[in-house]
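Colleague: Below you'll find the structure I mean.
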Amino acid sequence: MLRLEELQVVRGRTRVLHGLTLELGAGEIAALVGANGAGKTTTLMALSGLLPIACGRATLELESGTLDVARSTPAALVAGGLIHCPEGRQVFARLTIEENLRLGAYLNRDEAEVRRLLGEAYALFPVLGERRGLNAGGLSGGEQMMLAVARALMAQPKVLLLDEPSLGLAPQITERIFDTLVELNRERGVAMLIVEQNAMLALEIAHKGFVMEEGRIVMSGTGRALLEDAGVVQAYLGASA
Ligand SMILES: Nc1ncnc2c1ncn2[C@@H]1O[C@H](COP(=O)(O)OP(=O)(O)O)[C@@H](O)[C@H]1O
Ligand SMILES: [Mg+2]
């Protein structure tokens, strides 16, 4: 569904990705884990067209054909179903919850369908429905994360790119978010590439995992195999694992 081949990305004067290769199949959850500064956020930004691809190829395979990320506008990628849920949530604090959600569906001209999608979002996260007319800035961190996920769903993703969904959240809230992601994957078949510093959490729900170091994939396998690998545990999951 999503294929990255020898991807290279330069930021400023630094080459951050040095030939990154990975594949995400339809309906799969993949975890991309690795230390701070490894290039995980850079990978997602390049995939959604926020950073240029210097070399290599990223493609999104759809029923209607193949989209080459480097040759597509961000709007075309969104229309193709590649949706980025960015690091730090990035909700519009001075817009209402409903306005934030509507921005997720800005390409959709069918008002009846947008209303149906809003209904789905409020069913998934009732707290958002109860407060739909209030500014998003007043939400807690966990609620803002729910809003960020719900906004991404408004675009009817086929592939969801999630950057550190657990960052700064209490464990119970994180669990709630991850349960929702698993449900969306199972029930709607949304494929996901999840970047997480909390590697254990992401690998537990992932079908497969990729370990990234300094702009390259250094190891990959099923989520379970990586969780059971002593070297991965020591290097990325901390002593407590
Ligand atoms: N805005 C930027 N300009 C130039 N270099 C950057 C910028 N942001 C990050 N970098 C560089 O890219 C590298 C990878 O960053 P990032 O993709 O954010 O890593 P991760 O998400 O894995 O923590 C960092 O080591 C940093 O040096
Ligand atoms: Mg990051």
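By convention in this document, the chains of the structure tokens carry letters A, B, ... by their order, each chain's residues are numbered from 1, and ligands are numbered from 1 in the order they are shown.
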With only C-alpha atoms counted and 10 Å as the cut-off, give the residues of segment 62-133 of chain A in contact with segment 189-201 of chain A, each with its shortest interatomic distance in Å and the pair that gives it, as JSON lines.

Modeller:
```
{"residue": "A:Gly81", "atom": "CA", "partner": "A:Val190", "partner_atom": "CA", "distance": 9.6}
{"residue": "A:Leu82", "atom": "CA", "partner": "A:Ala191", "partner_atom": "CA", "distance": 9.6}
{"residue": "A:Ile83", "atom": "CA", "partner": "A:Met192", "partner_atom": "CA", "distance": 9.6}
{"residue": "A:His84", "atom": "CA", "partner": "A:Leu193", "partner_atom": "CA", "distance": 9.6}
{"residue": "A:Cys85", "atom": "CA", "partner": "A:Ile194", "partner_atom": "CA", "distance": 9.7}
{"residue": "A:Glu87", "atom": "CA", "partner": "A:Val195", "partner_atom": "CA", "distance": 9.2}
```

Colleague: Quick one: which segment 134-229 of chain A residues come within 12 Å of segment 17-37 of chain A, and what is the nearest atom pair for each with the distance in Å to one decimal, counting only C-alpha atoms, rows ordered by chain and ascending number, as a tab-separated table?

Modeller:
```
residue	atom	partner	partner_atom	distance
A:Pro157	CA	A:Gly27	CA	11.3
A:Lys158	CA	A:Ala26	CA	8.2
A:Val159	CA	A:Ala26	CA	8.2
A:Leu160	CA	A:Ile29	CA	9.3
A:Leu161	CA	A:Ala30	CA	9.9
A:Leu162	CA	A:Ala31	CA	9.6
A:Asp163	CA	A:Leu32	CA	9.5
A:Glu164	CA	A:Val33	CA	9.9
A:Pro165	CA	A:Ala31	CA	11.7
A:Phe178	CA	A:Ile29	CA	11.5
A:Leu181	CA	A:Ile29	CA	9.3
A:Val182	CA	A:Ile29	CA	8.5
A:Glu183	CA	A:Ile29	CA	11.5
A:Leu184	CA	A:Gly27	CA	10.0
A:Asn185	CA	A:Gly27	CA	6.6
A:Arg186	CA	A:Gly27	CA	8.0
A:Glu187	CA	A:Gly27	CA	9.9
A:Arg188	CA	A:Gly27	CA	8.5
A:Gly189	CA	A:Gly27	CA	4.7
A:Val190	CA	A:Gly27	CA	5.5
A:Ala191	CA	A:Gly27	CA	4.4
A:Met192	CA	A:Ile29	CA	4.7
A:Leu193	CA	A:Ala30	CA	4.9
A:Ile194	CA	A:Ala31	CA	4.8
A:Val195	CA	A:Leu32	CA	4.8
A:Glu196	CA	A:Val33	CA	5.6
A:Gln197	CA	A:Val33	CA	6.2
A:Asn198	CA	A:Val33	CA	7.9
A:Ala199	CA	A:Val33	CA	5.6
A:Met200	CA	A:Val33	CA	9.1
A:Leu201	CA	A:Ala31	CA	9.4
A:Ala202	CA	A:Ala31	CA	5.7
A:Leu203	CA	A:Ala31	CA	5.9
A:Glu204	CA	A:Ala31	CA	9.1
A:Ile205	CA	A:Ile29	CA	7.4
A:Ala206	CA	A:Ile29	CA	4.9
A:His207	CA	A:Ile29	CA	5.4
A:Lys208	CA	A:Ala30	CA	4.9
A:Gly209	CA	A:Ala31	CA	4.6
A:Phe210	CA	A:Leu32	CA	4.9
A:Val211	CA	A:Val33	CA	5.0
A:Met212	CA	A:Gly34	CA	4.9
A:Glu213	CA	A:Gly34	CA	6.1
A:Glu214	CA	A:Gly37	CA	7.3
A:Gly215	CA	A:Leu17	CA	4.0
A:Arg216	CA	A:Leu20	CA	5.1
A:Ile217	CA	A:Leu20	CA	6.2
A:Val218	CA	A:Leu20	CA	9.6
A:Met219	CA	A:Val33	CA	10.1
A:Ser220	CA	A:Leu22	CA	9.0
A:Gly221	CA	A:Ala30	CA	9.9
A:Thr222	CA	A:Ala30	CA	8.9
A:Gly223	CA	A:Ala31	CA	7.7
A:Arg224	CA	A:Ala31	CA	11.3
A:Leu226	CA	A:Ala31	CA	10.5
A:Leu227	CA	A:Ala31	CA	11.5
```

Colleague: Of the residues A:Val91, A:Ala150, A:Leu4, A:Ala170, which is the one nearest to Ala136 of chain A, using only C-alpha atoms?

Modeller: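 Of the candidates, the smallest distance to Ala136 of chain A is held by A:Val91.
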
Colleague: List all protein, DNA and RNA residues that have at least one atom no more than 7 Å from any atom of ligand 1, counting only C-alpha atoms and all ligand atoms, and write them as number ranges by chain.

Modeller: A: 11-12, 14, 16, 34-43

Colleague: Please dump the current selection as an mmCIF file, in the first residue's frame; keep C-alpha atoms.

Modeller:
```
data_model
loop_
_atom_site.group_PDB
_atom_site.id
_atom_site.type_symbol
_atom_site.label_atom_id
_atom_site.label_comp_id
_atom_site.auth_asym_id
_atom_site.auth_seq_id
_atom_site.Cartn_x
_atom_site.Cartn_y
_atom_site.Cartn_z
ATOM 1 C CA ARG A 11 16.992 19.209 6.136
ATOM 2 C CA GLY A 12 19.008 22.401 6.045
ATOM 3 C CA THR A 14 22.088 17.808 6.982
ATOM 4 C CA VAL A 16 18.661 13.106 7.785
ATOM 5 C CA GLY A 34 14.111 4.485 17.392
ATOM 6 C CA ALA A 35 15.917 7.041 19.516
ATOM 7 C CA ASN A 36 15.197 10.743 19.528
ATOM 8 C CA GLY A 37 16.726 12.326 16.418
ATOM 9 C CA ALA A 38 16.767 9.096 14.373
ATOM 10 C CA GLY A 39 14.610 10.707 11.658
ATOM 11 C CA LYS A 40 11.149 9.329 12.411
ATOM 12 C CA THR A 41 9.297 12.652 12.179
ATOM 13 C CA THR A 42 11.298 13.538 9.077
ATOM 14 C CA THR A 43 10.083 10.298 7.458
#
```

Colleague: Pick from A:Leu62, A:Leu153, A:Met145, A:Leu103: nearest to Ala121 of chain A, with only C-alpha atoms counted?

Modeller: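 Smallest separation from Ala121 of chain A among the options: A:Leu153.
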
Colleague: Work out how far atom CA of Gly137 of chain A is from atom CA of Leu95 of chain A, in Å to one decimal.

Modeller: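 So the two atoms, atom CA of Leu95 of chain A and atom CA of Gly137 of chain A, lie 7.9 Å apart.
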
Colleague: Restricting the calculation to only C-alpha atoms, which member of A:Val233, A:Ala79, A:Leu147, A:Ala225 is positioned closest to Tyr106 of chain A?

Modeller: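 For Tyr106 of chain A, the nearest of the candidates is A:Ala79.
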
Colleague: Looking only at the backbone, which of the residues in segment 51-227 of chain A does DSSP tag as strand (DSSP E or B), as a ChimeraX atom specification?

Modeller: /A:55-62,65-68,82-85,96,135,159-163,191-196,208-213,216-222

Colleague: Can you list, as a PyMOL selection string, all residues belonging to segment 51-190 of chain A that DSSP tags as helix (DSSP H, G or I)?

Modeller: chain A and resi 69-71+74-79+97-104+111-124+126-130+136-138+141-154+171-188

Colleague: Find the residue from A:Leu167, A:Ala148, A:Arg176, A:Ala75 that sits nearest to ligand 2; use only C-alpha atoms and all ligand atoms when measuring.

Modeller: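 So, comparing all the options, the nearest one is A:Leu167.
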